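*Asks:* Have a peek at model_34.pdb (PDB, C-alpha atoms, pLDDT in the B column).
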ATOM      1  CA  THR C   1     207.988  26.166-139.490  1.00 45.00           C
ATOM      2  CA  ARG C   2     205.619  28.448-141.360  1.00 46.00           C
ATOM      3  CA  ARG C   3     204.311  28.573-144.905  1.00 47.00           C
ATOM      4  CA  SER C   4     205.794  30.928-147.468  1.00 49.00           C
ATOM      5  CA  SER C   5     203.716  32.738-150.077  1.00 52.00           C
ATOM      6  CA  PHE C   6     204.433  29.717-152.296  1.00 51.00           C
ATOM      7  CA  SER C   7     202.826  27.345-149.755  1.00 51.00           C
ATOM      8  CA  ARG C   8     206.113  25.671-148.971  1.00 54.00           C
ATOM      9  CA  PRO C   9     207.298  25.360-145.401  1.00 57.00           C
ATOM     10  CA  VAL C  10     210.022  27.809-144.458  1.00 61.00           C
ATOM     11  CA  VAL C  11     212.537  26.195-142.144  1.00 66.00           C
ATOM     12  CA  PRO C  12     214.880  28.393-140.099  1.00 71.00           C
ATOM     13  CA  ALA C  13     218.585  27.837-140.712  1.00 78.00           C
ATOM     14  CA  THR C  14     219.475  26.310-137.368  1.00 80.00           C
ATOM     15  CA  PRO C  15     222.377  24.012-136.489  1.00 86.00           C
ATOM     16  CA  ASP C  16     219.916  21.148-135.944  1.00 86.00           C
ATOM     17  CA  PHE C  17     218.329  21.567-139.364  1.00 83.00           C
ATOM     18  CA  CYS C  18     221.531  22.287-141.287  1.00 84.00           C
ATOM     19  CA  GLY C  19     223.347  19.446-139.530  1.00 84.00           C
ATOM     20  CA  ALA C  20     220.652  16.974-140.616  1.00 87.00           C
ATOM     21  CA  VAL C  21     221.198  17.469-144.358  1.00 84.00           C
ATOM     22  CA  PRO C  22     224.322  17.134-146.518  1.00 85.00           C
ATOM     23  CA  GLY C  23     226.181  20.401-145.895  1.00 83.00           C
ATOM     24  CA  GLU C  24     227.674  20.591-149.361  1.00 87.00           C
ATOM     25  CA  ARG C  25     224.112  21.042-150.659  1.00 85.00           C
ATOM     26  CA  VAL C  26     223.062  23.799-148.259  1.00 86.00           C
ATOM     27  CA  ILE C  27     223.290  27.547-148.638  1.00 89.00           C
ATOM     28  CA  ALA C  28     221.870  29.242-145.563  1.00 88.00           C
ATOM     29  CA  ALA C  29     220.136  32.577-145.976  1.00 87.00           C
ATOM     30  CA  VAL C  30     221.130  35.073-143.309  1.00 87.00           C
ATOM     31  CA  ASP C  31     218.975  38.179-143.556  1.00 86.00           C
ATOM     32  CA  ALA C  32     220.234  41.100-141.509  1.00 88.00           C
ATOM     33  CA  GLU C  33     218.933  44.446-140.425  1.00 84.00           C
ATOM     34  CA  ARG C  34     222.136  46.181-139.491  1.00 84.00           C
ATOM     35  CA  SER C  35     223.964  43.398-137.602  1.00 86.00           C
ATOM     36  CA  GLU C  36     220.937  41.463-136.310  1.00 81.00           C
ATOM     37  CA  VAL C  37     219.353  38.404-137.951  1.00 83.00           C
ATOM     38  CA  VAL C  38     215.756  38.987-139.028  1.00 79.00           C
ATOM     39  CA  VAL C  39     213.193  36.352-140.054  1.00 78.00           C
ATOM     40  CA  ASP C  40     209.579  36.031-141.206  1.00 66.00           C
ATOM     41  CA  GLY C  41     209.987  38.105-144.333  1.00 67.00           C
ATOM     42  CA  TRP C  42     212.371  40.493-142.577  1.00 61.00           C
ATOM     43  CA  ARG C  43     209.657  41.514-140.081  1.00 69.00           C
ATOM     44  CA  THR C  44     210.914  39.840-136.899  1.00 71.00           C
ATOM     45  CA  LYS C  45     214.171  40.641-135.143  1.00 77.00           C
ATOM     46  CA  THR C  46     215.735  37.599-133.484  1.00 72.00           C
ATOM     47  CA  GLY C  47     218.232  39.174-131.113  1.00 77.00           C
ATOM     48  CA  VAL C  48     220.904  36.992-132.757  1.00 82.00           C
ATOM     49  CA  GLN C  49     223.954  38.740-134.177  1.00 88.00           C
ATOM     50  CA  VAL C  50     224.802  37.892-137.804  1.00 90.00           C
ATOM     51  CA  ILE C  51     228.389  36.941-136.980  1.00 94.00           C
ATOM     52  CA  ASP C  52     227.252  34.557-134.244  1.00 93.00           C
ATOM     53  CA  ARG C  53     224.810  32.804-136.618  1.00 92.00           C
ATOM     54  CA  VAL C  54     227.435  32.565-139.386  1.00 93.00           C
ATOM     55  CA  ARG C  55     230.043  31.095-137.041  1.00 94.00           C
ATOM     56  CA  GLU C  56     227.460  28.635-135.721  1.00 92.00           C
ATOM     57  CA  LEU C  57     226.401  27.437-139.193  1.00 92.00           C
ATOM     58  CA  ALA C  58     229.647  27.706-141.196  1.00 93.00           C
ATOM     59  CA  PRO C  59     230.866  24.186-140.344  1.00 93.00           C
ATOM     60  CA  LEU C  60     227.512  22.774-141.497  1.00 93.00           C
ATOM     61  CA  VAL C  61     226.868  24.532-144.833  1.00 93.00           C
ATOM     62  CA  ALA C  62     228.553  25.189-148.170  1.00 93.00           C
ATOM     63  CA  GLY C  63     227.746  28.862-148.117  1.00 93.00           C
ATOM     64  CA  PHE C  64     225.586  31.796-147.162  1.00 93.00           C
ATOM     65  CA  LEU C  65     223.321  34.269-148.882  1.00 90.00           C
ATOM     66  CA  PHE C  66     223.887  37.345-146.725  1.00 91.00           C
ATOM     67  CA  THR C  67     221.258  39.998-147.382  1.00 89.00           C
ATOM     68  CA  GLN C  68     221.420  43.467-145.890  1.00 88.00           C
ATOM     69  CA  VAL C  69     217.640  43.868-145.872  1.00 82.00           C
ATOM     70  CA  ASP C  70     217.659  47.523-144.858  1.00 79.00           C
ATOM     71  CA  ARG C  71     219.493  48.251-148.122  1.00 73.00           C
ATOM     72  CA  GLU C  72     217.673  45.794-150.410  1.00 74.00           C
ATOM     73  CA  GLY C  73     216.220  47.524-153.477  1.00 63.00           C
ATOM     74  CA  ALA C  74     217.191  51.024-152.317  1.00 68.00           C
ATOM     75  CA  MET C  75     220.183  51.336-154.674  1.00 70.00           C
ATOM     76  CA  ALA C  76     221.990  53.335-151.992  1.00 74.00           C
ATOM     77  CA  GLY C  77     225.029  51.113-151.553  1.00 75.00           C
ATOM     78  CA  PHE C  78     225.850  48.411-149.032  1.00 84.00           C
ATOM     79  CA  GLU C  79     227.913  48.172-145.876  1.00 82.00           C
ATOM     80  CA  PHE C  80     231.186  46.685-147.131  1.00 90.00           C
ATOM     81  CA  ALA C  81     232.614  46.146-143.633  1.00 92.00           C
ATOM     82  CA  ALA C  82     229.606  44.002-142.670  1.00 92.00           C
ATOM     83  CA  VAL C  83     230.124  41.742-145.695  1.00 92.00           C
ATOM     84  CA  GLU C  84     233.841  41.534-144.950  1.00 95.00           C
ATOM     85  CA  ARG C  85     233.112  40.378-141.372  1.00 94.00           C
ATOM     86  CA  VAL C  86     230.723  37.699-142.647  1.00 94.00           C
ATOM     87  CA  VAL C  87     233.263  36.499-145.233  1.00 95.00           C
ATOM     88  CA  ASP C  88     235.955  36.283-142.551  1.00 94.00           C
ATOM     89  CA  ALA C  89     233.693  34.287-140.217  1.00 94.00           C
ATOM     90  CA  ALA C  90     232.406  31.946-142.941  1.00 94.00           C
ATOM     91  CA  SER C  91     235.767  31.295-144.572  1.00 91.00           C
ATOM     92  CA  LEU C  92     237.240  29.811-141.393  1.00 86.00           C
ATOM     93  CA  ASP C  93     235.222  26.705-142.262  1.00 87.00           C
ATOM     94  CA  GLY C  94     235.442  27.056-146.053  1.00 90.00           C
ATOM     95  CA  ALA C  95     231.914  28.403-146.585  1.00 92.00           C
ATOM     96  CA  ARG C  96     231.326  30.883-149.434  1.00 93.00           C
ATOM     97  CA  VAL C  97     229.342  34.094-149.082  1.00 94.00           C
ATOM     98  CA  THR C  98     227.036  35.717-151.603  1.00 93.00           C
ATOM     99  CA  ALA C  99     226.223  39.302-150.650  1.00 93.00           C
ATOM    100  CA  ALA C 100     222.899  40.935-151.503  1.00 91.00           C
ATOM    101  CA  GLY C 101     221.276  44.256-150.797  1.00 89.00           C
ATOM    102  CA  GLY C 102     222.535  47.580-152.106  1.00 88.00           C
ATOM    103  CA  ILE C 103     225.020  46.341-154.717  1.00 91.00           C
ATOM    104  CA  THR C 104     224.715  48.862-157.532  1.00 92.00           C
ATOM    105  CA  SER C 105     227.924  49.048-159.559  1.00 93.00           C
ATOM    106  CA  ALA C 106     230.699  47.063-161.178  1.00 92.00           C
ATOM    107  CA  THR C 107     233.022  48.639-158.610  1.00 92.00           C
ATOM    108  CA  ASP C 108     230.907  47.103-155.823  1.00 93.00           C
ATOM    109  CA  ILE C 109     231.127  43.669-157.454  1.00 93.00           C
ATOM    110  CA  ALA C 110     234.897  43.934-157.951  1.00 93.00           C
ATOM    111  CA  ALA C 111     235.381  44.963-154.299  1.00 93.00           C
ATOM    112  CA  LEU C 112     233.323  41.983-153.118  1.00 94.00           C
ATOM    113  CA  ASP C 113     235.305  39.656-155.360  1.00 92.00           C
ATOM    114  CA  ARG C 114     238.584  40.914-153.879  1.00 91.00           C
ATOM    115  CA  ILE C 115     237.482  39.806-150.392  1.00 92.00           C
ATOM    116  CA  GLY C 116     236.179  36.448-151.673  1.00 91.00           C
ATOM    117  CA  ALA C 117     232.450  37.203-151.836  1.00 93.00           C
ATOM    118  CA  ASP C 118     230.033  36.716-154.695  1.00 93.00           C
ATOM    119  CA  ALA C 119     227.373  39.323-155.523  1.00 93.00           C
ATOM    120  CA  GLN C 120     223.637  38.996-156.017  1.00 92.00           C
ATOM    121  CA  VAL C 121     222.472  42.038-157.940  1.00 92.00           C
ATOM    122  CA  GLY C 122     218.832  42.873-158.551  1.00 89.00           C
ATOM    123  CA  MET C 123     217.477  46.400-158.758  1.00 89.00           C
ATOM    124  CA  ALA C 124     220.606  47.847-160.419  1.00 91.00           C
ATOM    125  CA  LEU C 125     220.178  45.359-163.275  1.00 91.00           C
ATOM    126  CA  TYR C 126     216.381  45.748-163.474  1.00 91.00           C
ATOM    127  CA  THR C 127     216.618  49.535-163.754  1.00 92.00           C
ATOM    128  CA  GLY C 128     219.567  49.533-166.172  1.00 92.00           C
ATOM    129  CA  LYS C 129     221.882  51.332-163.745  1.00 92.00           C
ATOM    130  CA  LEU C 130     224.256  48.354-164.098  1.00 92.00           C
ATOM    131  CA  LEU C 131     224.637  46.470-167.370  1.00 90.00           C
ATOM    132  CA  LEU C 132     224.852  42.682-167.210  1.00 88.00           C
ATOM    133  CA  GLY C 133     228.122  42.607-169.158  1.00 83.00           C
ATOM    134  CA  ASP C 134     229.691  45.097-166.769  1.00 87.00           C
ATOM    135  CA  ALA C 135     228.506  43.023-163.795  1.00 89.00           C
ATOM    136  CA  ILE C 136     230.013  39.829-165.191  1.00 84.00           C
ATOM    137  CA  ALA C 137     233.290  41.495-166.187  1.00 82.00           C
ATOM    138  CA  ALA C 138     233.720  43.399-162.893  1.00 87.00           C
ATOM    139  CA  PRO C 139     235.769  40.789-161.039  1.00 84.00           C
ATOM    140  CA  LEU C 140     237.884  39.858-164.057  1.00 77.00           C
ATOM    141  CA  VAL C 141     241.457  40.868-163.432  1.00 72.00           C
ATOM    142  CA  ARG C 142     242.962  37.780-165.008  1.00 70.00           C
ATOM    143  CA  PRO C 143     241.633  34.871-167.076  1.00 65.00           C
ATOM    144  CA  LEU C 144     240.609  31.575-165.549  1.00 72.00           C
ATOM    145  CA  PRO C 145     242.903  28.535-165.967  1.00 76.00           C
ATOM    146  CA  GLY C 146     243.349  27.728-169.638  1.00 78.00           C
ATOM    147  CA  ASP C 147     243.282  31.442-170.508  1.00 80.00           C
ATOM    148  CA  LEU C 148     239.458  31.387-170.545  1.00 83.00           C
ATOM    149  CA  TRP C 149     237.232  34.428-170.026  1.00 80.00           C
ATOM    150  CA  PRO C 150     233.478  34.356-169.383  1.00 79.00           C
ATOM    151  CA  THR C 151     231.770  35.971-172.356  1.00 83.00           C
ATOM    152  CA  VAL C 152     228.168  37.154-172.633  1.00 84.00           C
ATOM    153  CA  VAL C 153     226.782  36.518-176.115  1.00 90.00           C
ATOM    154  CA  CYS C 154     224.130  38.968-177.366  1.00 89.00           C
ATOM    155  CA  ASP C 155     222.205  39.228-180.610  1.00 92.00           C
ATOM    156  CA  ASP C 156     222.089  42.340-182.811  1.00 92.00           C
ATOM    157  CA  ALA C 157     219.221  43.753-180.732  1.00 92.00           C
ATOM    158  CA  GLY C 158     221.298  43.500-177.570  1.00 86.00           C
ATOM    159  CA  ARG C 159     219.332  40.592-176.089  1.00 91.00           C
ATOM    160  CA  THR C 160     221.452  38.258-173.999  1.00 89.00           C
ATOM    161  CA  LEU C 161     221.661  34.790-175.541  1.00 92.00           C
ATOM    162  CA  GLY C 162     223.949  33.109-173.054  1.00 91.00           C
ATOM    163  CA  LEU C 163     227.257  32.848-171.293  1.00 87.00           C
ATOM    164  CA  VAL C 164     230.164  31.042-172.942  1.00 89.00           C
ATOM    165  CA  TRP C 165     233.883  30.702-172.259  1.00 86.00           C
ATOM    166  CA  SER C 166     236.251  32.355-174.707  1.00 85.00           C
ATOM    167  CA  THR C 167     239.939  32.876-175.263  1.00 79.00           C
ATOM    168  CA  ARG C 168     241.236  36.290-176.208  1.00 69.00           C
TER     169      ARG C 168
END
Write the structure described by the file as C-alpha coordinates, please.

*Replies:*
Amino acid sequence: TRRSSFSRPVVPATPDFCGAVPGERVIAAVDAERSEVVVDGWRTKTGVQVIDRVRELAPLVAGFLFTQVDREGAMAGFEFAAVERVVDAASLDGARVTAAGGITSATDIAALDRIGADAQVGMALYTGKLLLGDAIAAPLVRPLPGDLWPTVVCDDAGRTLGLVWSTR
(Lines of atoms letter the chains of each structure in order from A and count residues from 1; the text may use other names and numbers.)
(Lines give C-alpha, C1' and ligand atoms only; values in the text may rest on other atoms or scores of the structure.)
Protein backbone atom coordinates (compact mmCIF):
# COMPACT_ATOMS: atom_id res chain seq x y z
CA THR A 1 0.00 0.00 0.00
CA ARG A 2 0.96 3.65 -0.29
CA ARG A 3 -0.46 6.87 1.09
CA SER A 4 -2.67 9.11 -1.01
CA SER A 5 -2.52 12.90 -0.88
CA PHE A 6 -5.22 12.60 1.80
CA SER A 7 -2.94 10.43 3.99
CA ARG A 8 -5.13 7.39 3.56
CA PRO A 9 -3.65 4.12 2.40
CA VAL A 10 -4.37 3.30 -1.22
CA VAL A 11 -4.98 -0.40 -1.67
CA PRO A 12 -4.75 -1.93 -5.15
CA ALA A 13 -7.91 -3.63 -6.39
CA THR A 14 -6.66 -7.20 -6.34
CA PRO A 15 -8.66 -10.43 -6.08
CA ASP A 16 -7.23 -11.01 -2.59
CA PHE A 17 -8.30 -7.58 -1.35
CA CYS A 18 -11.67 -7.48 -3.10
CA GLY A 19 -12.45 -11.05 -2.04
CA ALA A 20 -11.85 -10.16 1.62
CA VAL A 21 -14.62 -7.54 1.81
CA PRO A 22 -18.35 -7.75 1.04
CA GLY A 23 -18.48 -7.50 -2.76
CA GLU A 24 -21.80 -5.71 -2.85
CA ARG A 25 -20.05 -2.78 -1.15
CA VAL A 26 -17.06 -2.57 -3.49
CA ILE A 27 -16.59 -0.55 -6.64
CA ALA A 28 -13.14 -1.16 -8.07
CA ALA A 29 -11.41 1.66 -9.89
CA VAL A 30 -9.74 0.53 -13.09
CA ASP A 31 -7.66 3.33 -14.55
CA ALA A 32 -6.49 2.71 -18.10
CA GLU A 33 -4.06 4.26 -20.50
CA ARG A 34 -5.29 2.86 -23.76
CA SER A 35 -5.98 -0.78 -22.79
CA GLU A 36 -3.43 -1.14 -19.97
CA VAL A 37 -4.12 -0.71 -16.24
CA VAL A 38 -2.17 2.16 -14.68
CA VAL A 39 -1.66 2.86 -10.97
CA ASP A 40 0.04 5.33 -8.63
CA GLY A 41 -1.85 8.36 -9.83
CA TRP A 42 -1.80 7.11 -13.42
CA ARG A 43 2.03 7.23 -13.51
CA THR A 44 2.87 3.51 -13.48
CA LYS A 45 1.93 1.03 -16.18
CA THR A 46 1.23 -2.44 -14.81
CA GLY A 47 1.42 -4.59 -17.92
CA VAL A 48 -2.08 -5.86 -17.05
CA GLN A 49 -4.77 -5.52 -19.70
CA VAL A 50 -7.99 -3.81 -18.57
CA ILE A 51 -10.20 -6.66 -19.75
CA ASP A 52 -8.13 -9.21 -17.84
CA ARG A 53 -8.40 -7.18 -14.60
CA VAL A 54 -12.16 -6.67 -15.06
CA ARG A 55 -12.78 -10.37 -15.68
CA GLU A 56 -10.65 -11.23 -12.65
CA LEU A 57 -12.50 -8.84 -10.31
CA ALA A 58 -16.07 -8.92 -11.69
CA PRO A 59 -17.19 -11.89 -9.56
CA LEU A 60 -15.92 -10.09 -6.43
CA VAL A 61 -17.28 -6.54 -6.80
CA ALA A 62 -20.55 -4.70 -7.41
CA GLY A 63 -19.08 -2.50 -10.09
CA PHE A 64 -16.23 -0.63 -11.68
CA LEU A 65 -15.20 2.96 -12.21
CA PHE A 66 -13.44 2.68 -15.57
CA THR A 67 -11.40 5.79 -16.32
CA GLN A 68 -9.70 6.38 -19.64
CA VAL A 69 -6.93 8.47 -18.10
CA ASP A 70 -5.41 9.57 -21.39
CA ARG A 71 -8.71 11.31 -22.15
CA GLU A 72 -9.53 12.62 -18.66
CA GLY A 73 -10.15 16.38 -18.66
CA ALA A 74 -9.24 16.82 -22.34
CA MET A 75 -12.85 17.13 -23.54
CA ALA A 76 -11.87 15.32 -26.74
CA GLY A 77 -14.24 12.38 -26.50
CA PHE A 78 -13.77 8.84 -25.24
CA GLU A 79 -13.17 5.45 -26.81
CA PHE A 80 -16.67 3.95 -26.91
CA ALA A 81 -15.47 0.50 -27.99
CA ALA A 82 -13.20 0.26 -24.92
CA VAL A 83 -16.12 1.01 -22.59
CA GLU A 84 -18.30 -1.49 -24.44
CA ARG A 85 -15.66 -4.23 -23.95
CA VAL A 86 -15.46 -3.46 -20.22
CA VAL A 87 -19.26 -3.51 -19.88
CA ASP A 88 -19.42 -6.86 -21.67
CA ALA A 89 -16.73 -8.37 -19.43
CA ALA A 90 -18.19 -6.96 -16.19
CA SER A 91 -21.80 -7.83 -16.94
CA LEU A 92 -21.07 -11.55 -17.18
CA ASP A 93 -20.95 -11.47 -13.38
CA GLY A 94 -23.56 -8.73 -12.90
CA ALA A 95 -21.11 -5.91 -12.14
CA ARG A 96 -22.01 -2.37 -13.25
CA VAL A 97 -19.63 -0.02 -15.02
CA THR A 98 -19.30 3.73 -14.64
CA ALA A 99 -17.25 5.25 -17.45
CA ALA A 100 -15.09 8.34 -16.95
CA GLY A 101 -12.70 10.32 -19.08
CA GLY A 102 -13.68 12.26 -22.18
CA ILE A 103 -17.47 12.24 -21.77
CA THR A 104 -18.54 15.64 -23.07
CA SER A 105 -22.12 15.55 -24.35
CA ALA A 106 -25.63 14.31 -23.70
CA THR A 107 -25.18 12.11 -26.77
CA ASP A 108 -22.18 10.44 -25.08
CA ILE A 109 -24.24 9.77 -21.95
CA ALA A 110 -27.17 8.36 -23.93
CA ALA A 111 -24.83 6.05 -25.89
CA LEU A 112 -23.28 4.76 -22.65
CA ASP A 113 -26.73 4.19 -21.17
CA ARG A 114 -27.76 2.12 -24.20
CA ILE A 115 -24.91 -0.34 -23.54
CA GLY A 116 -25.63 -0.45 -19.79
CA ALA A 117 -22.93 1.91 -18.52
CA ASP A 118 -23.25 4.91 -16.24
CA ALA A 119 -21.31 8.13 -16.90
CA GLN A 120 -19.08 10.19 -14.65
CA VAL A 121 -18.83 13.65 -16.16
CA GLY A 122 -16.48 16.33 -14.89
CA MET A 123 -14.83 18.92 -17.12
CA ALA A 124 -17.81 19.24 -19.49
CA LEU A 125 -20.00 20.23 -16.54
CA TYR A 126 -17.36 22.47 -14.92
CA THR A 127 -16.83 24.44 -18.14
CA GLY A 128 -20.53 24.66 -19.04
CA LYS A 129 -20.12 22.68 -22.26
CA LEU A 130 -22.73 20.25 -20.88
CA LEU A 131 -25.62 21.43 -18.73
CA LEU A 132 -26.56 19.32 -15.71
CA GLY A 133 -30.19 19.02 -16.83
CA ASP A 134 -29.11 17.78 -20.24
CA ALA A 135 -26.78 15.24 -18.62
CA ILE A 136 -29.52 13.88 -16.38
CA ALA A 137 -32.11 13.76 -19.17
CA ALA A 138 -29.76 12.17 -21.74
CA PRO A 139 -30.58 8.53 -21.02
CA LEU A 140 -34.31 9.13 -20.59
CA VAL A 141 -36.18 7.40 -23.36
CA ARG A 142 -39.02 6.22 -21.17
CA PRO A 143 -40.15 6.90 -17.59
CA LEU A 144 -39.18 4.69 -14.69
CA PRO A 145 -41.79 2.32 -13.20
CA GLY A 146 -44.75 4.28 -11.89
CA ASP A 147 -44.41 6.78 -14.75
CA LEU A 148 -41.75 8.70 -12.79
CA TRP A 149 -39.11 10.97 -14.34
CA PRO A 150 -36.05 12.37 -12.56
CA THR A 151 -36.45 16.13 -12.36
CA VAL A 152 -33.82 18.73 -11.48
CA VAL A 153 -35.32 21.57 -9.45
CA CYS A 154 -33.71 25.01 -9.88
CA ASP A 155 -34.45 28.40 -8.38
CA ASP A 156 -35.11 31.56 -10.40
CA ALA A 157 -31.37 32.24 -10.64
CA GLY A 158 -30.78 28.83 -12.20
CA ARG A 159 -29.09 27.33 -9.14
CA THR A 160 -29.73 23.62 -8.74
CA LEU A 161 -31.72 22.88 -5.59
CA GLY A 162 -32.07 19.13 -5.91
CA LEU A 163 -33.29 16.10 -7.75
CA VAL A 164 -36.87 14.90 -7.31
CA TRP A 165 -39.12 12.38 -9.04
CA SER A 166 -42.04 13.74 -11.02
CA THR A 167 -44.89 12.53 -13.17
CA ARG A 168 -45.64 14.25 -16.44

*Asks:* Expanded to explicit residues, what is the PyMOL selection byres ((chain C and resi 113) around 12) for this file, as a ChimeraX atom specification?

*Replies:* /C:80,83-84,87,96-99,106-112,114-120,135-141

*Asks:* Quick one: of C:Val164, C:Met75, C:Ala62, C:Leu148, who's nearest to Lys129 in chain C, counting only C-alpha atoms?

*Replies:*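 Closest to Lys129 in chain C of all the choices is C:Met75.
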
*Asks:* If you take all atoms listed in the file and a cut-off of 9 Å, which residues of range 39-100 of chain C touch range 18-30 of chain C, and what are their nearest atom pairs and distances in Å to one decimal, in chain and number order, as JSON lines?

*Replies:*
{"residue": "C:Val39", "atom": "CA", "partner": "C:Val30", "partner_atom": "CA", "distance": 8.7}
{"residue": "C:Val50", "atom": "CA", "partner": "C:Val30", "partner_atom": "CA", "distance": 7.2}
{"residue": "C:Arg53", "atom": "CA", "partner": "C:Val30", "partner_atom": "CA", "distance": 8.0}
{"residue": "C:Val54", "atom": "CA", "partner": "C:Val30", "partner_atom": "CA", "distance": 7.8}
{"residue": "C:Leu57", "atom": "CA", "partner": "C:Cys18", "partner_atom": "CA", "distance": 7.4}
{"residue": "C:Pro59", "atom": "CA", "partner": "C:Gly23", "partner_atom": "CA", "distance": 8.2}
{"residue": "C:Leu60", "atom": "CA", "partner": "C:Gly23", "partner_atom": "CA", "distance": 5.2}
{"residue": "C:Val61", "atom": "CA", "partner": "C:Gly23", "partner_atom": "CA", "distance": 4.3}
{"residue": "C:Ala62", "atom": "CA", "partner": "C:Glu24", "partner_atom": "CA", "distance": 4.8}
{"residue": "C:Gly63", "atom": "CA", "partner": "C:Ile27", "partner_atom": "CA", "distance": 4.7}
{"residue": "C:Phe64", "atom": "CA", "partner": "C:Ala28", "partner_atom": "CA", "distance": 4.8}
{"residue": "C:Leu65", "atom": "CA", "partner": "C:Ala29", "partner_atom": "CA", "distance": 4.6}
{"residue": "C:Phe66", "atom": "CA", "partner": "C:Val30", "partner_atom": "CA", "distance": 4.9}
{"residue": "C:Thr67", "atom": "CA", "partner": "C:Val30", "partner_atom": "CA", "distance": 6.4}
{"residue": "C:Gln68", "atom": "CA", "partner": "C:Val30", "partner_atom": "CA", "distance": 8.8}
{"residue": "C:Ala95", "atom": "CA", "partner": "C:Ile27", "partner_atom": "CA", "distance": 8.9}
{"residue": "C:Arg96", "atom": "CA", "partner": "C:Ile27", "partner_atom": "CA", "distance": 8.7}
{"residue": "C:Val97", "atom": "CA", "partner": "C:Ile27", "partner_atom": "CA", "distance": 8.9}

*Asks:* Using all atoms listed in the file for the distances, tell me which of C:Gly162, C:Glu72, C:Gly146, C:Pro15 is nearest to Gly102 in chain C.

*Replies:* C:Glu72

*Asks:* Using only C-alpha atoms, which residue out of C:Cys154, C:Ala81, C:Glu56, C:Asp16 lies closest to Ser35 in chain C?

*Replies:*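 Nearest to Ser35 in chain C: C:Ala81.
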
*Asks:* I would like the residues chosen by the PyMOL selection byres ((chain C and resi 69) around 9) on the shown file; could you give them as a PyMOL selection string?

*Replies:* chain C and resi 31-34+38+42+67-68+70-73+100-102

*Asks:* Go ahead and dump the residues you just picked, C-alpha atoms, as a PDB file, in the coordinates of the input.

*Replies:*
ATOM      1  CA  ASP C  31     218.975  38.179-143.556  1.00 86.00           C
ATOM      2  CA  ALA C  32     220.234  41.100-141.509  1.00 88.00           C
ATOM      3  CA  GLU C  33     218.933  44.446-140.425  1.00 84.00           C
ATOM      4  CA  ARG C  34     222.136  46.181-139.491  1.00 84.00           C
ATOM      5  CA  VAL C  38     215.756  38.987-139.028  1.00 79.00           C
ATOM      6  CA  TRP C  42     212.371  40.493-142.577  1.00 61.00           C
ATOM      7  CA  THR C  67     221.258  39.998-147.382  1.00 89.00           C
ATOM      8  CA  GLN C  68     221.420  43.467-145.890  1.00 88.00           C
ATOM      9  CA  ASP C  70     217.659  47.523-144.858  1.00 79.00           C
ATOM     10  CA  ARG C  71     219.493  48.251-148.122  1.00 73.00           C
ATOM     11  CA  GLU C  72     217.673  45.794-150.410  1.00 74.00           C
ATOM     12  CA  GLY C  73     216.220  47.524-153.477  1.00 63.00           C
ATOM     13  CA  ALA C 100     222.899  40.935-151.503  1.00 91.00           C
ATOM     14  CA  GLY C 101     221.276  44.256-150.797  1.00 89.00           C
ATOM     15  CA  GLY C 102     222.535  47.580-152.106  1.00 88.00           C
TER      16      GLY C 102
END

*Asks:* Pick out the closest residue to Pro12 in chain C from this set: C:Ser166, C:Ile51, C:Thr46, C:Glu36. Count only C-alpha atoms.

*Replies:*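 Closest to Pro12 in chain C of all the choices is C:Thr46.
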
*Asks:* Output the residue selection produced by the PyMOL selection byres ((chain C and resi 152) around 8) on the file above, formatted as an MDAnalysis selection string.

*Replies:* chainID C and resid 133 150:151 153:154 160:164

*Asks:* Just write the chosen residues, C-alpha atoms, as a PDB file, in the frame of the given file.

*Replies:*
ATOM      1  CA  GLY C 133     228.122  42.607-169.158  1.00 83.00           C
ATOM      2  CA  PRO C 150     233.478  34.356-169.383  1.00 79.00           C
ATOM      3  CA  THR C 151     231.770  35.971-172.356  1.00 83.00           C
ATOM      4  CA  VAL C 153     226.782  36.518-176.115  1.00 90.00           C
ATOM      5  CA  CYS C 154     224.130  38.968-177.366  1.00 89.00           C
ATOM      6  CA  THR C 160     221.452  38.258-173.999  1.00 89.00           C
ATOM      7  CA  LEU C 161     221.661  34.790-175.541  1.00 92.00           C
ATOM      8  CA  GLY C 162     223.949  33.109-173.054  1.00 91.00           C
ATOM      9  CA  LEU C 163     227.257  32.848-171.293  1.00 87.00           C
ATOM     10  CA  VAL C 164     230.164  31.042-172.942  1.00 89.00           C
TER      11      VAL C 164
END

*Asks:* Measuring between all atoms listed in the file, which one of C:Leu92, C:Val37, C:Ala157, C:Leu132 shows the shortest distance to Thr104 in chain C?

*Replies:*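 Among the listed residues, the smallest separation from Thr104 in chain C belongs to C:Leu132.
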
*Asks:* Just how far from CA of Ala124 in chain C is CA of Asp155 in chain C, in Å to one decimal?

*Replies:*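 Interatomic distance here is 22.0 Å.
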
*Asks:* If you measure from CA of Val121 in chain C to CA of Asp134 in chain C, what distance in Å do you get, rounded to one decimal?

*Replies:*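 Between these atoms lies a distance of 11.8 Å.
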
*Asks:* Distance CA of Ala13 in chain C-CA of Ala76 in chain C, one decimal place?

*Replies:*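 Separating CA of Ala13 in chain C from CA of Ala76 in chain C is a distance of 28.1 Å.
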
*Asks:* Show me, as lines of an AutoDock Vina configuration file, the centre and edge lengths in Å to one decimal of the axis-aligned box that covers every listed atom of range 52-57 of chain C with 8 Å on each side.

*Replies:*
center_x = 227.4
center_y = 31.0
center_z = -136.8
size_x = 21.2
size_y = 23.1
size_z = 21.1

*Asks:* With N, CA and C atoms as the goal, would you fill in the gaps in range 61-74 of chain C and present it as a tab-separated table (two decimals), in the frame of the given file?

*Replies:*
chain	number	residue	atom	x	y	z
C	61	VAL	N	227.42	24.14	-143.53
C	61	VAL	CA	226.87	24.53	-144.83
C	61	VAL	C	227.98	24.82	-145.84
C	62	ALA	N	227.59	24.85	-147.11
C	62	ALA	CA	228.55	25.19	-148.17
C	62	ALA	C	228.70	26.70	-148.33
C	63	GLY	N	227.68	27.42	-147.94
C	63	GLY	CA	227.75	28.86	-148.12
C	63	GLY	C	226.57	29.59	-147.51
C	64	PHE	N	226.61	30.91	-147.71
C	64	PHE	CA	225.59	31.80	-147.16
C	64	PHE	C	225.12	32.78	-148.22
C	65	LEU	N	223.84	33.11	-148.17
C	65	LEU	CA	223.32	34.27	-148.88
C	65	LEU	C	223.09	35.30	-147.79
C	66	PHE	N	223.94	36.31	-147.75
C	66	PHE	CA	223.89	37.34	-146.72
C	66	PHE	C	223.22	38.57	-147.32
C	67	THR	N	222.01	38.87	-146.85
C	67	THR	CA	221.26	40.00	-147.38
C	67	THR	C	221.16	41.10	-146.34
C	68	GLN	N	221.59	42.28	-146.72
C	68	GLN	CA	221.42	43.47	-145.89
C	68	GLN	C	220.04	44.03	-146.24
C	69	VAL	N	219.02	43.59	-145.50
C	69	VAL	CA	217.64	43.87	-145.87
C	69	VAL	C	217.29	45.35	-145.81
C	70	ASP	N	217.95	46.10	-144.95
C	70	ASP	CA	217.66	47.52	-144.86
C	70	ASP	C	218.19	48.28	-146.07
C	71	ARG	N	218.94	47.61	-146.92
C	71	ARG	CA	219.49	48.25	-148.12
C	71	ARG	C	218.93	47.63	-149.41
C	72	GLU	N	218.22	46.53	-149.27
C	72	GLU	CA	217.67	45.79	-150.41
C	72	GLU	C	216.76	46.69	-151.25
C	73	GLY	N	217.06	46.78	-152.54
C	73	GLY	CA	216.22	47.52	-153.48
C	73	GLY	C	216.34	49.03	-153.42
C	74	ALA	N	217.11	49.57	-152.47
C	74	ALA	CA	217.19	51.02	-152.32
C	74	ALA	C	218.22	51.66	-153.24
